[in-house]
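Okay, start-v8.pdb is below, PDB, C-alpha atoms:
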```
ATOM      1  CA  MET A  28     180.101 240.702 -19.308
ATOM      2  CA  ALA A  29     181.535 239.463 -16.022
ATOM      3  CA  GLU A  30     183.608 236.289 -16.049
ATOM      4  CA  GLY A  31     182.837 233.231 -13.947
ATOM      5  CA  TYR A  32     179.915 232.768 -11.584
ATOM      6  CA  LYS A  33     178.233 234.615  -8.756
ATOM      7  CA  ASP A  34     177.080 232.946  -5.560
ATOM      8  CA  TRP A  35     174.095 234.878  -4.201
ATOM      9  CA  SER A  36     173.825 235.252  -0.437
ATOM     10  CA  ALA A  37     170.654 235.123   1.626
ATOM     11  CA  GLY A  38     168.649 238.330   1.156
ATOM     12  CA  GLU A  39     170.672 239.521  -1.852
ATOM     13  CA  ILE A  40     168.564 240.816  -4.742
ATOM     14  CA  LEU A  41     169.210 239.924  -8.389
ATOM     15  CA  THR A  42     169.938 243.137 -10.300
ATOM     16  CA  ALA A  43     169.649 244.081 -13.969
ATOM     17  CA  ALA A  44     173.434 243.998 -14.245
ATOM     18  CA  ASP A  45     173.453 240.488 -12.803
ATOM     19  CA  LEU A  46     170.982 239.399 -15.474
ATOM     20  CA  GLU A  47     173.326 240.558 -18.215
ATOM     21  CA  ASP A  48     176.510 239.322 -16.576
ATOM     22  CA  TYR A  49     175.622 235.917 -15.160
ATOM     23  CA  THR A  50     172.345 234.403 -16.331
ATOM     24  CA  VAL A  51     173.655 232.917 -19.581
ATOM     25  CA  LYS A  52     175.985 230.646 -17.671
ATOM     26  CA  GLN A  53     173.749 230.176 -14.653
ATOM     27  CA  SER A  54     170.366 229.580 -16.265
ATOM     28  CA  VAL A  55     169.004 226.418 -17.856
ATOM     29  CA  MET A  56     169.717 226.558 -21.597
ATOM     30  CA  ARG A  57     167.532 224.624 -24.055
ATOM     31  CA  PHE A  58     168.975 222.653 -26.979
ATOM     32  CA  ALA A  59     167.468 220.335 -29.571
ATOM     33  CA  ASP A  60     170.013 217.622 -28.752
ATOM     34  CA  SER A  61     173.550 217.102 -27.431
ATOM     35  CA  SER A  62     175.109 217.880 -30.828
ATOM     36  CA  ALA A  63     173.407 221.280 -30.933
ATOM     37  CA  ARG A  64     174.628 221.948 -27.395
ATOM     38  CA  THR A  65     178.233 221.051 -28.244
ATOM     39  CA  THR A  66     178.195 223.444 -31.203
ATOM     40  CA  ALA A  67     176.549 226.292 -29.313
ATOM     41  CA  LEU A  68     178.819 226.111 -26.276
ATOM     42  CA  SER A  69     182.098 225.547 -28.110
ATOM     43  CA  GLY A  70     184.759 227.704 -26.436
ATOM     44  CA  VAL A  71     182.538 228.858 -23.548
ATOM     45  CA  LEU A  72     181.798 225.583 -21.774
ATOM     46  CA  ALA A  73     182.305 225.951 -18.024
ATOM     47  CA  GLU A  74     181.705 223.888 -14.896
ATOM     48  CA  GLY A  75     178.234 224.403 -13.449
ATOM     49  CA  MET A  76     176.408 225.051 -16.720
ATOM     50  CA  VAL A  77     172.969 223.481 -16.869
ATOM     51  CA  SER A  78     171.152 222.462 -20.050
ATOM     52  CA  TYR A  79     167.891 220.886 -21.147
ATOM     53  CA  LEU A  80     167.862 218.497 -24.138
ATOM     54  CA  LYS A  81     164.527 218.394 -25.947
ATOM     55  CA  ASP A  82     165.129 215.073 -27.740
ATOM     56  CA  THR A  83     165.662 213.104 -24.508
ATOM     57  CA  ASP A  84     163.685 215.376 -22.137
ATOM     58  CA  THR A  85     166.614 215.473 -19.706
ATOM     59  CA  VAL A  86     168.332 218.161 -17.634
ATOM     60  CA  GLU A  87     172.112 217.822 -17.397
ATOM     61  CA  VAL A  88     174.858 219.710 -15.567
ATOM     62  CA  TYR A  89     178.475 220.078 -16.738
ATOM     63  CA  ASP A  90     180.865 218.925 -13.995
ATOM     64  CA  GLY A  91     184.009 220.285 -15.628
ATOM     65  CA  SER A  92     184.733 217.217 -17.738
ATOM     66  CA  ALA A  93     181.377 215.745 -18.826
ATOM     67  CA  TRP A  94     177.613 216.326 -18.841
ATOM     68  CA  ALA A  95     175.738 214.369 -16.178
ATOM     69  CA  ALA A  96     171.987 213.907 -15.787
ATOM     70  CA  VAL A  97     170.237 215.723 -12.947
ATOM     71  CA  ALA A  98     167.796 213.928 -10.655
ATOM     72  CA  GLY A  99     169.365 210.505 -10.481
ATOM     73  CA  GLY A 100     167.169 207.440 -10.666
ATOM     74  CA  LYS A 101     164.873 208.748 -13.384
ATOM     75  CA  ILE A 102     163.821 206.199 -16.016
ATOM     76  CA  LEU A 103     164.974 207.520 -19.388
ATOM     77  CA  GLN A 104     163.899 204.702 -21.719
ATOM     78  CA  ILE A 105     162.731 201.092 -21.779
ATOM     79  CA  VAL A 106     163.587 198.612 -24.532
ATOM     80  CA  SER A 107     162.255 195.057 -24.449
ATOM     81  CA  THR A 108     162.500 191.926 -26.573
ATOM     82  CA  ALA A 109     159.661 189.415 -26.398
ATOM     83  CA  LYS A 110     160.790 186.132 -27.947
ATOM     84  CA  THR A 111     157.793 184.021 -28.935
ATOM     85  CA  ASP A 112     159.453 181.525 -31.288
ATOM     86  CA  THR A 113     161.407 178.504 -30.068
ATOM     87  CA  PHE A 114     165.138 178.037 -29.591
ATOM     88  CA  SER A 115     167.283 174.948 -29.144
ATOM     89  CA  ALA A 116     171.000 174.307 -28.927
ATOM     90  CA  SER A 117     173.336 171.390 -28.297
ATOM     91  CA  VAL A 118     175.556 172.509 -25.437
ATOM     92  CA  ALA A 119     178.706 170.845 -24.099
ATOM     93  CA  PRO A 120     179.321 170.447 -20.341
ATOM     94  CA  GLY A 121     180.449 173.718 -18.788
ATOM     95  CA  ALA A 122     179.627 175.655 -21.966
ATOM     96  CA  GLU A 123     176.757 177.930 -23.002
ATOM     97  CA  SER A 124     174.499 178.253 -26.015
ATOM     98  CA  ALA A 125     174.633 181.091 -28.493
ATOM     99  CA  ALA A 126     172.473 184.109 -27.650
ATOM    100  CA  ALA A 127     168.977 182.782 -26.950
ATOM    101  CA  VAL A 128     167.333 186.201 -26.555
ATOM    102  CA  ALA A 129     168.867 189.670 -26.960
ATOM    103  CA  VAL A 130     167.982 193.343 -26.564
ATOM    104  CA  THR A 131     169.799 196.464 -27.791
ATOM    105  CA  ILE A 132     169.714 199.822 -26.024
ATOM    106  CA  THR A 133     171.529 203.108 -26.769
ATOM    107  CA  PRO A 134     172.098 204.998 -23.489
ATOM    108  CA  THR A 135     171.547 208.758 -23.644
ATOM    109  CA  SER A 136     174.353 209.400 -21.154
ATOM    110  CA  ALA A 137     177.611 207.607 -20.362
ATOM    111  CA  THR A 138     176.780 207.899 -16.654
ATOM    112  CA  SER A 139     173.451 206.076 -16.986
ATOM    113  CA  LYS A 140     172.790 202.656 -15.490
ATOM    114  CA  VAL A 141     170.974 199.911 -17.382
ATOM    115  CA  PHE A 142     168.625 197.682 -15.395
ATOM    116  CA  LEU A 143     168.157 194.247 -16.990
ATOM    117  CA  ILE A 144     165.118 192.041 -16.365
ATOM    118  CA  ALA A 145     164.977 188.531 -17.846
ATOM    119  CA  ASN A 146     162.285 185.879 -17.740
ATOM    120  CA  LEU A 147     163.248 182.754 -19.684
ATOM    121  CA  ALA A 148     161.186 179.610 -20.344
ATOM    122  CA  LEU A 149     163.662 176.704 -20.521
ATOM    123  CA  ALA A 150     163.389 172.946 -20.928
ATOM    124  CA  GLY A 151     165.654 169.919 -21.279
ATOM    125  CA  THR A 152     165.755 166.179 -20.672
ATOM    126  CA  SER A 153     166.369 165.606 -16.940
ATOM    127  CA  ILE A 154     168.883 168.448 -16.694
ATOM    128  CA  ALA A 155     168.980 171.602 -14.612
ATOM    129  CA  MET A 156     169.487 174.781 -16.600
ATOM    130  CA  GLY A 157     170.100 178.491 -16.262
ATOM    131  CA  ALA A 158     171.352 181.556 -18.083
ATOM    132  CA  THR A 159     174.322 183.905 -18.169
ATOM    133  CA  LEU A 160     174.149 187.609 -19.044
ATOM    134  CA  TYR A 161     176.377 188.942 -21.822
ATOM    135  CA  ARG A 162     177.067 192.497 -22.995
ATOM    136  CA  GLY A 163     178.533 193.149 -26.431
ATOM    137  CA  GLY A 164     179.465 189.492 -26.826
ATOM    138  CA  SER A 165     181.304 189.237 -23.485
ATOM    139  CA  VAL A 166     180.027 187.850 -20.217
ATOM    140  CA  VAL A 167     179.088 190.469 -17.621
ATOM    141  CA  ALA A 168     181.298 189.124 -14.837
ATOM    142  CA  ALA A 169     179.650 191.272 -12.180
ATOM    143  CA  ALA A 170     176.336 189.572 -13.038
ATOM    144  CA  THR A 171     177.662 186.098 -12.172
ATOM    145  CA  GLY A 172     178.454 184.271  -8.942
ATOM    146  CA  ASP A 173     181.916 184.310  -7.403
ATOM    147  CA  ALA A 174     184.658 182.114  -8.827
ATOM    148  CA  ALA A 175     184.863 178.799  -6.946
ATOM    149  CA  SER A 176     187.568 176.443  -8.233
ATOM    150  CA  SER A 177     186.373 174.605 -11.373
ATOM    151  CA  ARG A 178     182.723 175.588 -10.951
ATOM    152  CA  THR A 179     181.133 177.556 -13.798
ATOM    153  CA  ARG A 180     179.965 181.074 -12.980
ATOM    154  CA  ALA A 181     176.425 181.961 -14.117
ATOM    155  CA  THR A 182     173.688 184.557 -13.670
ATOM    156  CA  SER A 183     170.677 182.338 -12.893
ATOM    157  CA  GLY A 184     169.676 178.691 -12.572
ATOM    158  CA  MET A 185     166.809 176.327 -11.845
ATOM    159  CA  SER A 186     166.188 172.667 -11.125
ATOM    160  CA  ALA A 187     165.342 170.176 -13.870
ATOM    161  CA  PRO A 188     161.845 170.698 -15.348
ATOM    162  CA  GLY A 189     159.395 167.995 -14.336
ATOM    163  CA  GLY A 190     157.262 167.865 -17.508
ATOM    164  CA  GLU A 191     158.175 166.832 -21.044
ATOM    165  CA  ARG A 192     155.727 169.113 -22.880
ATOM    166  CA  SER A 193     156.583 172.395 -21.167
ATOM    167  CA  GLY A 194     159.479 173.994 -19.316
ATOM    168  CA  ASN A 195     160.215 175.975 -16.195
ATOM    169  CA  ASN A 196     161.024 179.668 -15.969
ATOM    170  CA  THR A 197     164.296 181.113 -14.752
ATOM    171  CA  SER A 198     164.594 184.842 -14.179
ATOM    172  CA  PHE A 199     167.161 187.410 -13.144
ATOM    173  CA  THR A 200     167.641 191.147 -12.674
ATOM    174  CA  PHE A 201     170.886 193.100 -12.781
ATOM    175  CA  LEU A 202     171.905 196.782 -12.673
ATOM    176  CA  ASP A 203     174.731 197.330 -15.164
ATOM    177  CA  SER A 204     177.030 200.318 -15.777
ATOM    178  CA  PRO A 205     177.981 200.167 -19.478
ATOM    179  CA  ALA A 206     179.603 203.662 -19.441
ATOM    180  CA  THR A 207     178.774 204.386 -23.075
ATOM    181  CA  THR A 208     176.358 206.217 -25.363
ATOM    182  CA  SER A 209     176.822 203.670 -28.148
ATOM    183  CA  ALA A 210     174.274 201.012 -29.065
ATOM    184  CA  THR A 211     174.771 198.179 -26.568
ATOM    185  CA  THR A 212     173.452 194.642 -27.006
ATOM    186  CA  TYR A 213     172.708 192.409 -24.028
ATOM    187  CA  ASP A 214     171.861 188.741 -24.419
ATOM    188  CA  ALA A 215     171.140 185.678 -22.321
ATOM    189  CA  ARG A 216     172.884 182.358 -23.046
ATOM    190  CA  VAL A 217     171.682 179.023 -21.719
ATOM    191  CA  TRP A 218     173.688 176.371 -19.836
ATOM    192  CA  HIS A 219     172.925 172.976 -18.261
ATOM    193  CA  ASP A 220     174.396 170.905 -15.433
ATOM    194  CA  SER A 221     174.852 167.566 -17.243
ATOM    195  CA  ILE A 222     178.307 166.031 -17.602
ATOM    196  CA  TYR A 223     177.305 165.122 -21.163
ATOM    197  CA  THR A 224     176.551 167.275 -24.195
ATOM    198  CA  SER A 225     172.803 167.939 -24.036
ATOM    199  CA  THR A 226     170.164 169.926 -25.859
ATOM    200  CA  VAL A 227     168.561 172.923 -24.190
ATOM    201  CA  TYR A 228     165.250 174.428 -25.332
ATOM    202  CA  MET A 229     163.483 177.751 -24.940
ATOM    203  CA  ASN A 230     159.716 178.369 -25.187
ATOM    204  CA  ARG A 231     158.903 174.648 -25.677
ATOM    205  CA  GLY A 232     159.127 171.276 -23.961
ATOM    206  CA  HIS A 233     161.804 168.770 -24.912
ATOM    207  CA  THR A 234     159.394 166.355 -26.671
ATOM    208  CA  ASP A 235     157.237 169.085 -28.313
ATOM    209  CA  ALA A 236     154.500 166.607 -29.312
ATOM    210  CA  ASP A 237     151.853 168.130 -31.592
ATOM    211  CA  ILE A 238     148.941 167.846 -29.148
ATOM    212  CA  SER A 239     146.960 170.349 -27.076
ATOM    213  CA  ALA A 240     148.727 169.247 -23.878
ATOM    214  CA  THR A 241     151.989 170.611 -25.301
ATOM    215  CA  HIS A 242     152.690 174.271 -24.605
ATOM    216  CA  ARG A 243     154.621 177.081 -26.246
ATOM    217  CA  SER A 244     155.837 179.912 -24.008
ATOM    218  CA  ILE A 245     157.364 183.384 -24.226
ATOM    219  CA  SER A 246     160.743 184.635 -22.999
ATOM    220  CA  THR A 247     161.617 188.287 -22.440
ATOM    221  CA  LEU A 248     164.708 190.412 -21.919
ATOM    222  CA  THR A 249     164.169 194.049 -20.948
ATOM    223  CA  ALA A 250     166.701 196.892 -20.640
ATOM    224  CA  ILE A 251     165.788 200.046 -18.698
ATOM    225  CA  GLU A 252     168.048 203.113 -18.808
ATOM    226  CA  VAL A 253     168.182 204.851 -15.421
ATOM    227  CA  SER A 254     169.878 208.222 -14.909
ATOM    228  CA  ALA A 255     172.846 208.208 -12.546
TER     229      ALA A 255
END
```

Rewritten as structure tokens:
Amino acid sequence: MAEGYKDWSAGEILTAADLEDYTVKQSVMRFADSSARTTALSGVLAEGMVSYLKDTDTVEVYDGSAWAAVAGGKILQIVSTAKTDTFSASVAPGAESAAAVAVTITPTSATSKVFLIANLALAGTSIAMGATLYRGGSVVAAATGDAASSRTRATSGMSAPGGERSGNNTSFTFLDSPATTSATTYDARVWHDSIYTSTVYMNRGHTDADISATHRSISTLTAIEVSA
């Protein structure tokens, strides 16, 4: 069998010898998953190989150092958390709550992007509020505003809610590059603009009176894996 690859020129015809010599490396090979591919191609892996993975329904090409998805921009998976129960936390000035809503996604490729969509129903007593995006327990700095002296960086914000029995919604979107195929947890943490320690609420108003005029809401955090 010939070594390496053949670049066909315009008008050149594929011969029987070419089929035997080149098509293994230059055709699309099918594998059950990435583990099966690694085993099958051990010792013969070469730049330009193309494979199809049945478990993720993706076509990937080997660039000489790693497998990368073909046809960038394709949605590979969507994972969403819909939080319908309530949340409250006492938060100090300039600080944030614990994770108010979280979602975990396991990217199929280290080159994938993850598109985050959040819609959060927040309430407090005469305070403006917002949220900050975290990944794996650490703030996603690229998803916050620029540093500006002593000002706190955040992902989203809103003015103080006007009603006591319901809240306002704050939302944000962000395209992240986690560069991993491990399970990755994103979460949103709530902040307020008061100079005093104050309580922030999610999916309820700050009085939460047991009457029909009081509302309960839903908050969501969605992660969408997009091929590079």

(message) Could you check the closest approach to Asn230 in chain A for each of A:Leu72, A:Leu147, A:Ala215, A:Val141 and tell me which residue wins, using only C-alpha atoms?
(response)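 Smallest distance to Asn230 in chain A is found for A:Leu147.
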
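Reported to one decimal place, the separation of CA of His233 in chain A from CA of Ser117 in chain A is 12.3 Å.
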
(request) Using the chain letters and residue numbers of this document, give as a list in words the residues selected by the PyMOL selection byres ((chain A and resi 209) around 7). (result)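 Given this file, the PyMOL selection byres ((chain A and resi 209) around 7) evaluates to Thr133, Pro134, Thr207, Thr208, Ala210 and Thr211 of chain A.
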
(request) Give me the result of the PyMOL selection byres ((chain A and resi 212) around 6) on this file, residue by residue, as number ranges by chain. (result) A: 130-131, 162-163, 211, 213

(message) Excluding Val88 in chain A and its own-chain neighbours fewer than 2 positions away, which residues fall within 10 Å of it when counting all atoms listed in the file? Please give them as a VMD selection string.
(response) chain A and resid 55 74 to 79 86 90 to 91 93 to 97

(request) Decode the PyMOL selection byres ((chain A and resi 220) around 8) for the given file into explicit residues and return them as a list in words. (result)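 Evaluating the PyMOL selection byres ((chain A and resi 220) around 8) on this file yields Pro120, Gly121, Ile154, Ala155, Met156, Trp218, His219, Ser221 and Ile222 of chain A.
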
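With CA of Asp60 in chain A on one side and CA of Ala250 in chain A on the other, the separation reads 22.5 Å.
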
(request) Find the residues near Val166 in chain A: any atom within 10 Å, counting only C-alpha atoms, skip ones fewer than 6 places away on the same chain, and give them as a PyMOL selection string. (result) chain A and resi 159-160+180-182+213-216

Complete range 151-167 of chain A at the level of N, CA and C atoms, written as a PDB file, in the frame of the given file.
```pdb
ATOM      1  N   GLY A 151     164.614 170.875 -20.894  1.00  0.00           N
ATOM      2  CA  GLY A 151     165.654 169.919 -21.279  1.00  0.00           C
ATOM      3  C   GLY A 151     165.251 168.544 -20.784  1.00  0.00           C
ATOM      4  N   THR A 152     166.060 167.549 -21.083  1.00  0.00           N
ATOM      5  CA  THR A 152     165.755 166.179 -20.672  1.00  0.00           C
ATOM      6  C   THR A 152     166.515 165.844 -19.398  1.00  0.00           C
ATOM      7  N   SER A 153     165.813 165.948 -18.258  1.00  0.00           N
ATOM      8  CA  SER A 153     166.369 165.606 -16.940  1.00  0.00           C
ATOM      9  C   SER A 153     167.667 166.349 -16.646  1.00  0.00           C
ATOM     10  N   ILE A 154     167.701 167.626 -17.001  1.00  0.00           N
ATOM     11  CA  ILE A 154     168.883 168.448 -16.694  1.00  0.00           C
ATOM     12  C   ILE A 154     168.424 169.761 -16.076  1.00  0.00           C
ATOM     13  N   ALA A 155     169.215 170.268 -15.144  1.00  0.00           N
ATOM     14  CA  ALA A 155     168.980 171.602 -14.612  1.00  0.00           C
ATOM     15  C   ALA A 155     169.606 172.604 -15.568  1.00  0.00           C
ATOM     16  N   MET A 156     169.021 173.773 -15.642  1.00  0.00           N
ATOM     17  CA  MET A 156     169.487 174.781 -16.600  1.00  0.00           C
ATOM     18  C   MET A 156     169.503 176.165 -15.978  1.00  0.00           C
ATOM     19  N   GLY A 157     170.077 177.109 -16.704  1.00  0.00           N
ATOM     20  CA  GLY A 157     170.100 178.491 -16.262  1.00  0.00           C
ATOM     21  C   GLY A 157     170.618 179.363 -17.383  1.00  0.00           C
ATOM     22  N   ALA A 158     170.912 180.611 -17.064  1.00  0.00           N
ATOM     23  CA  ALA A 158     171.352 181.556 -18.083  1.00  0.00           C
ATOM     24  C   ALA A 158     172.483 182.422 -17.551  1.00  0.00           C
ATOM     25  N   THR A 159     173.235 182.980 -18.487  1.00  0.00           N
ATOM     26  CA  THR A 159     174.322 183.905 -18.169  1.00  0.00           C
ATOM     27  C   THR A 159     174.137 185.162 -19.003  1.00  0.00           C
ATOM     28  N   LEU A 160     174.331 186.322 -18.371  1.00  0.00           N
ATOM     29  CA  LEU A 160     174.149 187.609 -19.044  1.00  0.00           C
ATOM     30  C   LEU A 160     175.428 188.030 -19.763  1.00  0.00           C
ATOM     31  N   TYR A 161     175.257 188.443 -21.019  1.00  0.00           N
ATOM     32  CA  TYR A 161     176.377 188.942 -21.822  1.00  0.00           C
ATOM     33  C   TYR A 161     176.082 190.376 -22.263  1.00  0.00           C
ATOM     34  N   ARG A 162     177.166 191.156 -22.433  1.00  0.00           N
ATOM     35  CA  ARG A 162     177.067 192.497 -22.995  1.00  0.00           C
ATOM     36  C   ARG A 162     178.096 192.641 -24.109  1.00  0.00           C
ATOM     37  N   GLY A 163     177.621 192.969 -25.317  1.00  0.00           N
ATOM     38  CA  GLY A 163     178.533 193.149 -26.431  1.00  0.00           C
ATOM     39  C   GLY A 163     179.347 191.914 -26.750  1.00  0.00           C
ATOM     40  N   GLY A 164     178.779 190.743 -26.516  1.00  0.00           N
ATOM     41  CA  GLY A 164     179.465 189.492 -26.826  1.00  0.00           C
ATOM     42  C   GLY A 164     180.356 188.963 -25.722  1.00  0.00           C
ATOM     43  N   SER A 165     180.460 189.676 -24.603  1.00  0.00           N
ATOM     44  CA  SER A 165     181.304 189.237 -23.485  1.00  0.00           C
ATOM     45  C   SER A 165     180.457 189.078 -22.231  1.00  0.00           C
ATOM     46  N   VAL A 166     180.785 188.085 -21.433  1.00  0.00           N
ATOM     47  CA  VAL A 166     180.027 187.850 -20.217  1.00  0.00           C
ATOM     48  C   VAL A 166     180.152 189.048 -19.286  1.00  0.00           C
ATOM     49  N   VAL A 167     179.057 189.411 -18.629  1.00  0.00           N
ATOM     50  CA  VAL A 167     179.088 190.469 -17.621  1.00  0.00           C
ATOM     51  C   VAL A 167     179.494 189.801 -16.306  1.00  0.00           C
TER      52      VAL A 167
END
```
